[in-house]
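Shown here: coords-v5.txt, compact mmCIF, C-alpha atoms.
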# COMPACT_ATOMS: atom_id res chain seq x y z
CA MET J 1 -11.77 7.02 -31.62
CA SER J 2 -12.58 5.09 -34.75
CA GLU J 3 -13.32 1.39 -34.94
CA LEU J 4 -10.12 0.83 -36.92
CA ASP J 5 -8.02 2.73 -34.40
CA PHE J 6 -9.38 0.59 -31.60
CA LEU J 7 -8.59 -2.65 -33.44
CA ARG J 8 -5.04 -1.40 -34.19
CA PHE J 9 -4.60 -0.43 -30.53
CA THR J 10 -5.85 -3.84 -29.35
CA ALA J 11 -3.62 -5.71 -31.83
CA LYS J 12 -0.59 -3.81 -30.51
CA GLU J 13 -1.51 -4.48 -26.88
CA PHE J 14 -1.97 -8.21 -27.43
CA GLN J 15 0.89 -8.49 -29.94
CA VAL J 16 -1.25 -10.11 -32.62
CA GLU J 17 -1.76 -9.31 -36.32
CA TYR J 18 -4.21 -6.47 -36.83
CA SER J 19 -5.85 -8.42 -39.64
CA SER J 20 -6.69 -11.28 -37.25
CA LEU J 21 -9.02 -9.07 -35.18
CA SER J 22 -12.58 -7.93 -35.79
CA PHE J 23 -15.41 -6.55 -33.66
CA GLN J 24 -16.69 -10.12 -33.39
CA THR J 25 -13.42 -11.35 -31.81
CA GLU J 26 -14.03 -12.71 -28.32
CA TYR J 27 -11.06 -11.15 -26.59
CA ARG J 28 -10.86 -13.75 -23.82
CA ASN J 29 -9.88 -16.25 -26.52
CA LEU J 30 -6.80 -14.24 -27.50
CA PRO J 31 -3.67 -16.35 -26.85
CA SER J 32 -2.12 -14.00 -24.30
CA TRP J 33 -5.33 -13.23 -22.36
CA SER J 34 -4.85 -13.67 -18.60
CA SER J 35 -5.91 -11.82 -15.47
CA LEU J 36 -2.62 -9.89 -15.57
CA ASN J 37 -3.02 -9.01 -19.24
CA ALA J 38 -6.60 -7.92 -18.56
CA LEU J 39 -5.25 -5.44 -16.03
CA ILE J 40 -2.52 -4.27 -18.42
CA PHE J 41 -5.16 -3.81 -21.15
CA ILE J 42 -7.46 -1.82 -18.82
CA SER J 43 -4.51 0.35 -17.83
CA ALA J 44 -3.60 0.91 -21.50
CA ILE J 45 -7.24 1.84 -22.32
CA ASN J 46 -7.10 4.40 -19.52
CA ASP J 47 -3.83 5.84 -20.87
CA GLU J 48 -5.06 5.91 -24.48
CA TYR J 49 -8.72 6.88 -24.13
CA GLY J 50 -8.99 8.23 -20.55
CA VAL J 51 -11.72 5.71 -19.73
CA LEU J 52 -11.77 3.34 -16.74
CA VAL J 53 -13.47 0.06 -17.68
CA SER J 54 -14.91 -1.60 -14.55
CA SER J 55 -14.73 -5.30 -13.70
CA THR J 56 -18.52 -5.47 -14.11
CA ASP J 57 -18.37 -3.90 -17.58
CA LEU J 58 -15.64 -6.33 -18.53
CA SER J 59 -17.51 -9.37 -17.21
CA GLN J 60 -20.62 -8.33 -19.16
CA SER J 61 -18.80 -7.93 -22.44
CA LYS J 62 -17.61 -10.69 -24.75
CA THR J 63 -16.36 -9.21 -27.99
CA LEU J 64 -14.09 -6.34 -28.94
CA GLY J 65 -17.23 -4.67 -30.33
CA ASP J 66 -18.83 -4.79 -26.84
CA LEU J 67 -15.68 -3.26 -25.35
CA PHE J 68 -15.56 -0.55 -28.03
CA ASN J 69 -19.13 0.46 -27.15
CA ILE J 70 -18.32 0.64 -23.43
CA ILE J 71 -15.35 2.91 -24.09
CA LYS J 72 -17.24 5.05 -26.59
CA ASN J 73 -20.21 5.55 -24.25
CA MET G 1 -13.72 13.49 6.51
CA PRO G 2 -12.89 17.12 5.82
CA LEU G 3 -9.24 18.05 5.44
CA SER G 4 -7.51 18.19 8.81
CA LYS G 5 -4.51 19.88 10.31
CA ILE G 6 -2.75 18.62 13.42
CA ILE G 7 -0.22 20.63 15.38
CA GLY G 8 1.86 18.86 17.98
CA ALA G 9 3.44 15.63 16.71
CA LYS G 10 6.46 14.60 14.65
CA ILE G 11 7.90 11.36 13.33
CA SER G 12 11.15 10.67 15.18
CA GLY G 13 12.22 7.25 13.95
CA ILE G 14 11.38 4.22 11.82
CA THR G 15 12.45 0.60 12.03
CA THR G 16 11.53 -2.21 9.64
CA VAL G 17 11.56 -5.95 10.24
CA LEU G 18 10.95 -8.69 7.67
CA PRO G 19 11.10 -12.48 7.60
CA SER G 20 14.47 -13.64 6.24
CA ASN G 21 12.82 -16.15 3.87
CA LYS G 22 12.99 -14.55 0.41
CA GLU G 23 10.91 -15.73 -2.55
CA ASP G 24 11.49 -14.89 -6.21
CA ASN G 25 8.62 -14.42 -8.68
CA LEU G 26 10.83 -16.07 -11.31
CA ASP G 27 10.40 -19.29 -9.31
CA LEU G 28 6.58 -19.31 -9.43
CA SER G 29 5.71 -22.78 -10.68
CA MET G 30 2.21 -21.94 -11.92
CA LEU G 31 3.37 -19.45 -14.56
CA ASP G 32 5.48 -19.99 -17.67
CA VAL G 33 8.64 -17.96 -18.32
CA ASN G 34 6.89 -15.33 -20.46
CA GLN G 35 4.13 -14.87 -17.92
CA LYS G 36 6.68 -14.43 -15.12
CA GLU G 37 8.63 -11.83 -17.10
CA GLU G 38 5.42 -9.95 -17.94
CA LEU G 39 4.38 -10.10 -14.30
CA ILE G 40 7.66 -8.60 -13.07
CA LYS G 41 7.73 -5.98 -15.81
CA HIS G 42 4.21 -4.69 -15.21
CA THR G 43 3.80 -5.12 -11.44
CA GLY G 44 7.42 -4.12 -10.78
CA ILE G 45 7.63 -6.91 -8.20
CA ARG G 46 10.32 -9.58 -8.22
CA PHE G 47 11.19 -10.50 -4.64
CA ARG G 48 8.93 -11.07 -1.65
CA TYR G 49 9.64 -11.90 1.98
CA ILE G 50 7.44 -14.67 3.34
CA ALA G 51 7.16 -15.91 6.93
CA LYS G 52 7.36 -19.69 7.14
CA ASP G 53 5.66 -19.90 10.52
CA LYS G 54 2.36 -18.04 10.20
CA ASP G 55 1.04 -18.62 13.73
CA GLN G 56 2.57 -15.85 15.81
CA SER G 57 4.78 -14.25 13.22
CA VAL G 58 3.15 -10.83 12.92
CA LYS G 59 3.40 -10.37 16.69
CA VAL G 60 7.03 -11.50 16.74
CA LEU G 61 7.86 -9.10 13.88
CA PHE G 62 6.14 -6.21 15.70
CA LYS G 63 7.90 -6.94 19.00
CA THR G 64 11.28 -7.06 17.24
CA ALA G 65 10.53 -3.76 15.44
CA ILE G 66 9.46 -2.09 18.72
CA ASN G 67 12.61 -3.22 20.54
CA LYS G 68 14.74 -1.94 17.69
CA LEU G 69 12.89 1.38 17.66
CA LEU G 70 13.40 1.90 21.40
CA GLU G 71 17.09 1.10 20.92
CA THR G 72 17.47 3.38 17.85
CA LEU G 73 15.79 6.34 19.52
CA VAL G 74 17.24 5.56 22.96
CA TRP G 75 13.72 5.70 24.38
CA ASP G 76 12.91 4.12 27.71
CA ARG G 77 9.94 1.75 27.55
CA GLY G 78 8.43 3.61 30.52
CA SER G 79 8.36 6.86 28.52
CA ILE G 80 5.78 5.55 26.01
CA ASP G 81 2.23 6.93 26.26
CA VAL G 82 0.55 5.45 23.19
CA LEU G 83 0.82 2.10 21.38
CA VAL G 84 -1.27 1.70 18.23
CA ILE G 85 -1.03 -1.36 15.98
CA VAL G 86 -2.32 -1.24 12.40
CA THR G 87 -2.77 -4.76 11.07
CA GLN G 88 -5.21 -7.18 9.45
CA SER G 89 -3.34 -10.39 10.13
CA ALA G 90 -3.31 -10.82 13.92
CA GLN G 91 -3.60 -14.54 14.63
CA SER G 92 -6.03 -13.71 17.45
CA SER G 93 -7.79 -10.36 17.52
CA ILE G 94 -9.28 -10.80 21.01
CA PRO G 95 -7.69 -9.23 22.94
CA SER G 96 -6.25 -6.69 20.54
CA LEU G 97 -2.70 -7.27 19.35
CA ALA G 98 -1.74 -3.97 21.00
CA CYS G 99 -2.88 -5.34 24.38
CA GLN G 100 -1.09 -8.66 23.80
CA ILE G 101 2.15 -6.84 22.95
CA HIS G 102 1.67 -4.41 25.83
CA GLY G 103 1.46 -7.32 28.28
CA GLU G 104 4.30 -9.36 26.81
CA MET G 105 6.68 -6.38 26.60
CA ASP G 106 5.86 -4.99 30.06
CA PHE G 107 4.70 -1.55 29.03
CA SER G 108 3.38 0.74 31.76
CA SER G 109 -0.33 0.71 32.67
CA SER G 110 -0.59 4.37 31.67
CA VAL G 111 -0.14 3.40 27.98
CA LEU G 112 -3.15 3.77 25.71
CA ALA G 113 -3.10 0.67 23.47
CA TYR G 114 -5.39 -0.48 20.69
CA ASP G 115 -5.51 -1.85 17.13
CA ILE G 116 -6.67 -0.27 13.91
CA ASN G 117 -8.03 -2.75 11.36
CA SER G 118 -6.62 -1.30 8.17
CA GLY G 119 -4.47 -2.38 5.25
CA CYS G 120 -2.77 -0.38 2.54
CA SER G 121 -4.00 3.04 3.71
CA GLY G 122 -3.28 2.09 7.33
CA PHE G 123 -0.02 3.95 7.85
CA VAL G 124 -1.62 7.31 7.07
CA TYR G 125 -4.71 6.47 9.17
CA GLY G 126 -2.44 5.39 12.02
CA LEU G 127 -0.31 8.52 11.71
CA HIS G 128 -3.45 10.68 11.86
CA THR G 129 -4.82 8.84 14.91
CA VAL G 130 -1.54 8.86 16.83
CA SER G 131 -0.78 12.50 15.99
CA GLN G 132 -4.24 13.48 17.27
CA LEU G 133 -3.75 11.46 20.45
CA LEU G 134 -0.38 13.04 21.18
CA ALA G 135 -1.72 16.51 20.48
CA SER G 136 -4.48 15.86 23.01
CA LEU G 137 -2.32 14.53 25.86
CA ASP G 138 -1.98 16.77 28.88
CA GLN G 139 1.71 16.28 29.61
CA LYS G 140 5.10 17.06 28.20
CA GLY G 141 7.57 14.63 26.63
CA LYS G 142 4.78 12.65 24.98
CA ARG G 143 5.78 9.59 23.00
CA ALA G 144 3.97 7.07 20.84
CA ILE G 145 4.77 3.92 18.94
CA LEU G 146 2.77 3.27 15.78
CA CYS G 147 3.20 -0.20 14.31
CA CYS G 148 2.07 -1.01 10.78
CA GLY G 149 2.23 -4.18 8.76
CA ASP G 150 1.01 -7.65 8.02
CA VAL G 151 1.96 -11.21 7.43
CA SER G 152 -0.20 -11.15 4.31
CA SER G 153 1.07 -14.62 3.38
CA SER G 154 -1.12 -16.00 6.21
CA LEU G 155 -4.14 -14.80 4.18
CA THR G 156 -2.84 -15.93 0.79
CA GLU G 157 -4.10 -19.07 -0.92
CA GLU G 158 -1.16 -20.87 -2.51
CA GLY G 159 -2.54 -21.01 -6.06
CA ASP G 160 -4.05 -17.50 -6.22
CA MET G 161 -1.95 -15.81 -8.89
CA ALA G 162 -3.75 -12.47 -8.41
CA VAL G 163 -2.54 -12.27 -4.79
CA LYS G 164 0.50 -14.49 -4.20
CA PRO G 165 2.98 -12.78 -6.59
CA ILE G 166 2.12 -9.34 -5.18
CA PHE G 167 2.10 -9.44 -1.40
CA SER G 168 5.07 -9.62 0.92
CA ASP G 169 5.37 -9.78 4.72
CA ALA G 170 6.88 -6.84 6.63
CA VAL G 171 6.24 -4.55 9.57
CA CYS G 172 7.46 -1.11 10.61
CA ALA G 173 7.54 0.56 14.00
CA ILE G 174 7.31 4.34 13.87
CA GLY G 175 8.30 6.53 16.82
CA ILE G 176 6.20 9.68 17.07
CA GLU G 177 6.61 12.34 19.72
CA GLY G 178 5.00 15.53 20.86
CA SER G 179 6.37 18.68 19.26
CA ASN G 180 4.63 21.99 19.86
CA SER G 181 5.37 23.56 16.51
CA MET G 182 5.26 20.60 14.11
CA GLU G 183 2.32 20.64 11.68
CA SER G 184 0.88 17.87 9.54
CA TYR G 185 -2.06 17.87 7.14
CA PHE G 186 -4.40 15.03 6.18
CA ASN G 187 -7.06 14.06 3.64
CA LEU G 188 -8.78 10.81 4.68
CA GLU G 189 -11.55 9.32 2.51
CA THR G 190 -13.58 6.11 2.22
CA PHE G 191 -15.27 4.67 -0.87
CA GLY G 192 -17.11 1.74 0.70
CA LYS G 193 -18.85 0.78 -2.54
CA GLY G 194 -15.44 -0.56 -3.51
CA GLN G 195 -15.36 -2.97 -0.55
CA LYS G 196 -15.23 -6.04 -2.81
CA ALA G 197 -12.06 -4.91 -4.57
CA ILE G 198 -10.04 -6.58 -1.78
CA SER G 199 -11.79 -8.79 0.77
CA LEU G 200 -11.46 -11.92 2.87
CA GLN G 201 -13.48 -14.83 1.50
CA LYS G 202 -14.05 -18.32 2.78
CA ASN G 203 -12.86 -21.18 0.62
CA GLY G 204 -12.50 -24.70 1.98
CA ILE G 205 -10.88 -24.67 5.38
CA GLY G 206 -9.56 -21.13 5.24
CA ASN G 207 -10.38 -17.49 4.80
CA TRP G 208 -8.32 -16.07 1.99
CA MET G 209 -7.66 -12.60 0.71
CA ARG G 210 -9.20 -12.06 -2.73
CA MET G 211 -8.26 -9.17 -4.96
CA ASP G 212 -10.03 -7.88 -8.07
CA GLY G 213 -7.01 -6.24 -9.67
CA ILE G 214 -9.06 -4.25 -12.18
CA GLU G 215 -11.30 -2.77 -9.48
CA VAL G 216 -8.27 -1.87 -7.34
CA PHE G 217 -6.71 -0.18 -10.37
CA ASN G 218 -9.93 1.70 -11.19
CA TYR G 219 -10.57 2.93 -7.66
CA ALA G 220 -6.94 3.94 -7.17
CA VAL G 221 -6.63 5.79 -10.47
CA LYS G 222 -10.02 7.48 -10.07
CA TYR G 223 -9.72 8.64 -6.45
CA VAL G 224 -6.09 8.79 -5.28
CA PRO G 225 -4.86 11.64 -7.54
CA LYS G 226 -7.89 13.76 -6.57
CA ASN G 227 -7.28 13.02 -2.89
CA ILE G 228 -3.65 14.14 -3.17
CA GLU G 229 -4.42 17.20 -5.29
CA THR G 230 -7.14 18.36 -2.88
CA LEU G 231 -4.69 18.15 0.02
CA LEU G 232 -1.87 19.90 -1.85
CA ASP G 233 -4.15 22.59 -3.31
CA ARG G 234 -5.30 23.46 0.20
CA TYR G 235 -2.04 23.30 2.14
CA SER G 236 0.94 23.24 -0.17
CA CYS G 237 2.57 26.61 -0.61
CA GLU G 238 6.11 27.85 -1.14
CA ARG G 239 7.17 26.59 2.26
CA LYS G 240 5.36 23.25 2.08
CA ILE G 241 6.21 21.72 -1.28
CA PRO G 242 6.83 17.98 -0.97
CA GLU G 243 10.37 16.89 -1.81
CA MET G 244 9.23 13.30 -1.96
CA TYR G 245 5.95 11.54 -2.79
CA VAL G 246 5.72 8.17 -1.09
CA PHE G 247 2.81 6.07 -2.30
CA HIS G 248 1.59 2.77 -0.99
CA GLN G 249 3.44 0.16 -3.06
CA ALA G 250 0.49 -1.50 -4.84
CA ASN G 251 2.02 -2.36 -8.19
CA LEU G 252 3.89 -0.42 -10.86
CA LEU G 253 0.86 0.00 -13.17
CA ILE G 254 -1.15 1.74 -10.45
CA ASN G 255 1.73 3.72 -8.96
CA ASN G 256 2.90 5.04 -12.33
CA SER G 257 -0.66 6.05 -13.24
CA ILE G 258 -0.98 8.04 -10.00
CA MET G 259 2.44 9.61 -10.47
CA LYS G 260 1.56 10.77 -13.99
CA ALA G 261 -1.88 12.00 -12.96
CA ILE G 262 -0.51 14.33 -10.26
CA GLY G 263 2.44 15.38 -12.44
CA ALA G 264 5.13 14.32 -9.96
CA GLU G 265 8.71 13.88 -11.18
CA GLU G 266 9.81 10.24 -11.27
CA ALA G 267 12.91 11.07 -9.23
CA ALA G 268 10.71 12.31 -6.39
CA VAL G 269 8.61 9.13 -6.28
CA PRO G 270 10.63 6.26 -4.82
CA ASN G 271 9.48 2.68 -5.07
CA SER G 272 10.49 -0.51 -3.31
CA LEU G 273 8.38 -2.92 -5.36
CA TYR G 274 11.16 -4.87 -7.07
CA LYS G 275 12.99 -5.77 -3.88
CA TYR G 276 10.15 -5.92 -1.34
CA GLY G 277 6.77 -6.34 -3.12
CA ASN G 278 3.51 -4.97 -1.73
CA THR G 279 3.99 -4.90 2.04
CA ALA G 280 0.48 -3.58 2.89
CA SER G 281 0.50 -0.91 5.62
CA ALA G 282 4.29 -1.20 6.04
CA SER G 283 4.94 -0.17 2.44
CA ILE G 284 4.96 3.62 2.95
CA PRO G 285 7.26 3.76 6.00
CA LEU G 286 9.48 1.04 4.45
CA THR G 287 9.83 2.89 1.12
CA PHE G 288 10.31 6.22 2.84
CA SER G 289 12.98 4.87 5.20
CA LEU G 290 14.93 3.29 2.33
CA ASN G 291 15.06 6.60 0.45
CA TRP G 292 15.17 9.43 2.97
CA ARG G 293 18.59 10.52 4.12
CA HIS G 294 19.19 10.26 7.85
CA ASN G 295 18.54 13.58 9.61
CA LYS G 296 17.44 15.39 6.40
CA SER G 297 14.62 17.94 6.82
CA GLY G 298 11.78 18.60 4.41
CA TRP G 299 8.13 18.07 3.47
CA VAL G 300 6.91 14.66 2.32
CA LEU G 301 3.61 13.56 0.82
CA PHE G 302 2.42 10.12 1.95
CA SER G 303 -0.51 8.47 0.17
CA GLY G 304 -2.04 5.13 1.12
CA PHE G 305 -4.91 3.41 -0.69
CA GLY G 306 -6.48 -0.01 -0.86
CA VAL G 307 -8.70 -2.35 1.11
CA GLY G 308 -11.92 -0.55 2.02
CA PHE G 309 -11.76 1.06 -0.51
CA SER G 310 -9.84 3.56 1.57
CA VAL G 311 -7.71 6.50 0.47
CA ALA G 312 -5.58 8.58 2.83
CA SER G 313 -2.89 11.17 2.18
CA ALA G 314 -0.75 13.25 4.50
CA LEU G 315 1.57 16.20 4.00
CA VAL G 316 4.14 15.92 6.76
CA ARG G 317 7.23 17.84 7.80
CA ILE G 318 10.17 15.54 8.53
CA ASP G 319 12.87 16.91 10.79
CA GLY G 320 15.65 15.05 12.60
CA ILE G 321 14.42 11.52 11.97
CA LYS G 322 16.43 8.40 12.85
CA ILE G 323 16.08 5.50 10.44
CA ALA G 324 17.39 1.98 11.02
CA GLU G 325 18.38 -0.41 8.24
CA PRO G 326 15.76 -3.15 7.63
CA GLU G 327 16.32 -6.19 9.84
CA PHE G 328 15.60 -9.74 8.71
CA ILE G 329 14.67 -12.41 11.22
CA SER G 330 14.26 -16.15 10.81
CA ILE G 331 10.60 -16.87 11.32

Kindly return the structure encoded in the file as structure tokens.
Amino acid sequence: MSELDFLRFTAKEFQVEYSSLSFQTEYRNLPSWSSLNALIFISAINDEYGVLVSSTDLSQSKTLGDLFNIIKN
Amino acid sequence: MPLSKIIGAKISGITTVLPSNKEDNLDLSMLDVNQKEELIKHTGIRFRYIAKDKDQSVKVLFKTAINKLLETLVWDRGSIDVLVIVTQSAQSSIPSLACQIHGEMDFSSSVLAYDINSGCSGFVYGLHTVSQLLASLDQKGKRAILCCGDVSSSLTEEGDMAVKPIFSDAVCAIGIEGSNSMESYFNLETFGKGQKAISLQKNGIGNWMRMDGIEVFNYAVKYVPKNIETLLDRYSCERKIPEMYVFHQANLLINNSIMKAIGAEEAAVPNSLYKYGNTASASIPLTFSLNWRHNKSGWVLFSGFGVGFSVASALVRIDGIKIAEPEFISI
């Protein structure tokens, strides 16, 4: 998984322009972020990367860069 | 618990009872139109049945389901040996709901009656317990009634959008009887470190069910497929291949992930989410009874998972079962 791939994947999931995202983006500020969309996103990450991101991991991360590191590690 | 095999019990009948009050997730006032459509698309849930009177409703639903079961199977009340109730929403748990129902329905004093405090895995736990009990009884013509279900709306805080759009009230009564040759196989597991995924928490004047949807998803996707595969690897063979996989009806995201992980065909995995929501421990018998043809024979895989975090699967032979249409009562 490359950084660019992850940003493209996230842009598709949240239906936003790819160019509007960076590793500094705080994903909770995305317009469609909600508890349901969080679950949908976690499910999509599992489908795409085979990684289960826990609630604790999610609560301790702020930016897409933080999330990328969790998935990568 | 290690894998277990029980010889001596079979499911003979299932009845389902729900409150007649139907709610539509498209009417949720706290979400906008897009959010409601997303919710229905991804959870699979549109309609829910909600009891208006919470006070005694789970007991009334159970008593109605038991009466209907006795009528469907033409069983005399005096022929029942075991009454087990699986619920988490009894208005008063002392004495047990099984004892309350036993007294109010005039069952015989020779009936063994108790409750099992369990939610979404409760049907499989109850089936295991009751099958064991019947296999151990020293008499012929042994009969049991297993009741599963909840009025989850009594534990739901009105504004909790993680819980309210998901859960629905329903109960099932399952008739189980002694059968010398009938085999069933179980894999029951507990992952107690996941206890906070679904729990009762105090807020203001009430205790409300709280659900961490991401933790439920993670525990389910991580442990349920392995639980099922372990059971099938050990016991499934040419003669015991499940024709149907009936999962607890959690939500579509979780259920589809489990289905894909075990490689089951979509046509063999029924769901009742759209019409009935997540009906806790009633969801497996409800979904099965809506999709299994009356009197058909075959092997079925049941898998329940949820509050605990508890995971329980069973590979069961179904033969000559009587299934009643769901009944709706004003409550």

Cys237 (chain G) surroundings by only C-alpha atoms, 12 Å radius, close-in-sequence under 5 positions cut, as a PyMOL selection string: chain G and resi 231-232+242+299+315

For chain J, report every residue with an atom at most 12 Å from chain G (counting all atoms listed in the file), formatted as a short mmCIF file (atom, residue, chain, number, x, y, z; two decimals) with C-alpha atoms, in the frame of the given file.
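Wrote it out as result_10.cif, contents follow:
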data_model
loop_
_atom_site.label_atom_id
_atom_site.label_comp_id
_atom_site.auth_asym_id
_atom_site.auth_seq_id
_atom_site.Cartn_x
_atom_site.Cartn_y
_atom_site.Cartn_z
CA PRO J 31 -3.67 -16.35 -26.85
CA SER J 32 -2.12 -14.00 -24.30
CA TRP J 33 -5.33 -13.23 -22.36
CA SER J 34 -4.85 -13.67 -18.60
CA SER J 35 -5.91 -11.82 -15.47
CA LEU J 36 -2.62 -9.89 -15.57
CA ASN J 37 -3.02 -9.01 -19.24
CA ALA J 38 -6.60 -7.92 -18.56
CA LEU J 39 -5.25 -5.44 -16.03
CA ILE J 40 -2.52 -4.27 -18.42
CA PHE J 41 -5.16 -3.81 -21.15
CA ILE J 42 -7.46 -1.82 -18.82
CA SER J 43 -4.51 0.35 -17.83
CA ALA J 44 -3.60 0.91 -21.50
CA ILE J 45 -7.24 1.84 -22.32
CA ASN J 46 -7.10 4.40 -19.52
CA ASP J 47 -3.83 5.84 -20.87
CA GLY J 50 -8.99 8.23 -20.55
CA VAL J 51 -11.72 5.71 -19.73
CA LEU J 52 -11.77 3.34 -16.74
CA VAL J 53 -13.47 0.06 -17.68
CA SER J 54 -14.91 -1.60 -14.55
CA SER J 55 -14.73 -5.30 -13.70
CA THR J 56 -18.52 -5.47 -14.11
CA ASP J 57 -18.37 -3.90 -17.58
CA LEU J 58 -15.64 -6.33 -18.53
CA SER J 59 -17.51 -9.37 -17.21
#

Coordinates-based distance that separates CA of Ile284 (chain G) from CA of Gln100 (chain G) (Å, one decimal): 24.9 Å

Point-to-point distance in Å for CA of Val86 (chain G) and CA of Gly122 (chain G):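 Here the two named atoms are 6.1 Å from each other.
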
Sphere at (16.1, 7.2, 9.5), radius 9 Å, counting only C-alpha atoms: residues as a PyMOL selection string: chain G and resi 12-15+288-290+292-296+320-325

Shell of 9 Å around region 64-66 of chain J, all atoms listed in the file, local chain residues under 2 positions omitted, as a PyMOL selection string: chain J and resi 3+6-7+10+21-27+60-62+68-71

Those same residues - C-alpha atoms - I'd like them written as a PDB file, keeping the file's coordinate frame.
ATOM      1  CA  GLU J   3     -13.320   1.390 -34.940  1.00  0.00           C
ATOM      2  CA  PHE J   6      -9.380   0.590 -31.600  1.00  0.00           C
ATOM      3  CA  LEU J   7      -8.590  -2.650 -33.440  1.00  0.00           C
ATOM      4  CA  THR J  10      -5.850  -3.840 -29.350  1.00  0.00           C
ATOM      5  CA  LEU J  21      -9.020  -9.070 -35.180  1.00  0.00           C
ATOM      6  CA  SER J  22     -12.580  -7.930 -35.790  1.00  0.00           C
ATOM      7  CA  PHE J  23     -15.410  -6.550 -33.660  1.00  0.00           C
ATOM      8  CA  GLN J  24     -16.690 -10.120 -33.390  1.00  0.00           C
ATOM      9  CA  THR J  25     -13.420 -11.350 -31.810  1.00  0.00           C
ATOM     10  CA  GLU J  26     -14.030 -12.710 -28.320  1.00  0.00           C
ATOM     11  CA  TYR J  27     -11.060 -11.150 -26.590  1.00  0.00           C
ATOM     12  CA  GLN J  60     -20.620  -8.330 -19.160  1.00  0.00           C
ATOM     13  CA  SER J  61     -18.800  -7.930 -22.440  1.00  0.00           C
ATOM     14  CA  LYS J  62     -17.610 -10.690 -24.750  1.00  0.00           C
ATOM     15  CA  PHE J  68     -15.560  -0.550 -28.030  1.00  0.00           C
ATOM     16  CA  ASN J  69     -19.130   0.460 -27.150  1.00  0.00           C
ATOM     17  CA  ILE J  70     -18.320   0.640 -23.430  1.00  0.00           C
ATOM     18  CA  ILE J  71     -15.350   2.910 -24.090  1.00  0.00           C
TER      19      ILE J  71
END

Distance in Å - CA of Asp160 (chain G) versus CA of Ile85 (chain G): 27.6 Å

Surrounding residues of Ala51 (chain G) excluding itself and chain neighbours under 2 positions, 8 Å, only C-alpha atoms, as a list in words: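 Using only C-alpha atoms, the neighbours found are Pro19, Ser20, Asn21, Tyr49, Asp53, Lys54, Ser57, Val151, Ser153, Asp169 and Ile331 of chain G.
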
Could you give me the axis-aligned bounding box of region 25-40 of chain J, with 3 Å of padding per side, as centre plus edge lengths in Å to one decimal, as JSON?
{"center_x": -8.1, "center_y": -10.3, "center_z": -23.6, "size_x": 17.9, "size_y": 18.1, "size_z": 22.3}

Expected residue set, 7 Å radius at (-1.1, 4.0, 22.2), only C-alpha atoms, as a ChimeraX atom specification: /G:81-84,111-114,144-145

So that I can check the surroundings of Asp138 (chain G), please list as a CSV table (one decimal) with C-alpha atoms, keeping the file's coordinate frame every protein, DNA and RNA residue that reaches within 12 Å of it, counting all atoms listed in the file and ignoring chain neighbours fewer than 4 positions away.
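Once everything was written out, this is around.csv:
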chain,number,residue,atom,x,y,z
G,8,GLY,CA,1.9,18.9,18.0
G,81,ASP,CA,2.2,6.9,26.3
G,133,LEU,CA,-3.8,11.5,20.4
G,134,LEU,CA,-0.4,13.0,21.2
G,142,LYS,CA,4.8,12.6,25.0
G,178,GLY,CA,5.0,15.5,20.9

Determine, counting only C-alpha atoms, which protein, DNA and RNA residues have an atom within 12 Å of an atom of Ser236 (chain G); residues of the same chain fewer than 4 positions away are not included. Present the result as a CSV table (one decimal) with C-alpha atoms, in the coordinates of the input.
chain,number,residue,atom,x,y,z
G,184,SER,CA,0.9,17.9,9.5
G,185,TYR,CA,-2.1,17.9,7.1
G,186,PHE,CA,-4.4,15.0,6.2
G,228,ILE,CA,-3.6,14.1,-3.2
G,229,GLU,CA,-4.4,17.2,-5.3
G,230,THR,CA,-7.1,18.4,-2.9
G,231,LEU,CA,-4.7,18.2,0.0
G,232,LEU,CA,-1.9,19.9,-1.8
G,240,LYS,CA,5.4,23.2,2.1
G,241,ILE,CA,6.2,21.7,-1.3
G,242,PRO,CA,6.8,18.0,-1.0
G,243,GLU,CA,10.4,16.9,-1.8
G,299,TRP,CA,8.1,18.1,3.5
G,300,VAL,CA,6.9,14.7,2.3
G,301,LEU,CA,3.6,13.6,0.8
G,314,ALA,CA,-0.8,13.2,4.5
G,315,LEU,CA,1.6,16.2,4.0
G,316,VAL,CA,4.1,15.9,6.8
G,317,ARG,CA,7.2,17.8,7.8

Missing atoms in region 55-60 of chain J should be modelled up to N, CA and C atoms and reported as a compact mmCIF listing (two decimals), in the coordinates of the input.
# COMPACT_ATOMS: atom_id res chain seq x y z
N SER J 55 -14.68 -3.83 -13.66
CA SER J 55 -14.73 -5.30 -13.70
C SER J 55 -16.09 -5.77 -14.18
N THR J 56 -17.16 -5.08 -13.73
CA THR J 56 -18.52 -5.47 -14.11
C THR J 56 -18.70 -5.28 -15.62
N ASP J 57 -18.28 -4.14 -16.13
CA ASP J 57 -18.37 -3.90 -17.58
C ASP J 57 -17.64 -5.00 -18.34
N LEU J 58 -16.45 -5.33 -17.85
CA LEU J 58 -15.64 -6.33 -18.53
C LEU J 58 -16.33 -7.69 -18.50
N SER J 59 -16.89 -8.04 -17.32
CA SER J 59 -17.51 -9.37 -17.21
C SER J 59 -18.77 -9.46 -18.06
N GLN J 60 -19.39 -8.30 -18.35
CA GLN J 60 -20.62 -8.33 -19.16
C GLN J 60 -20.36 -8.20 -20.66
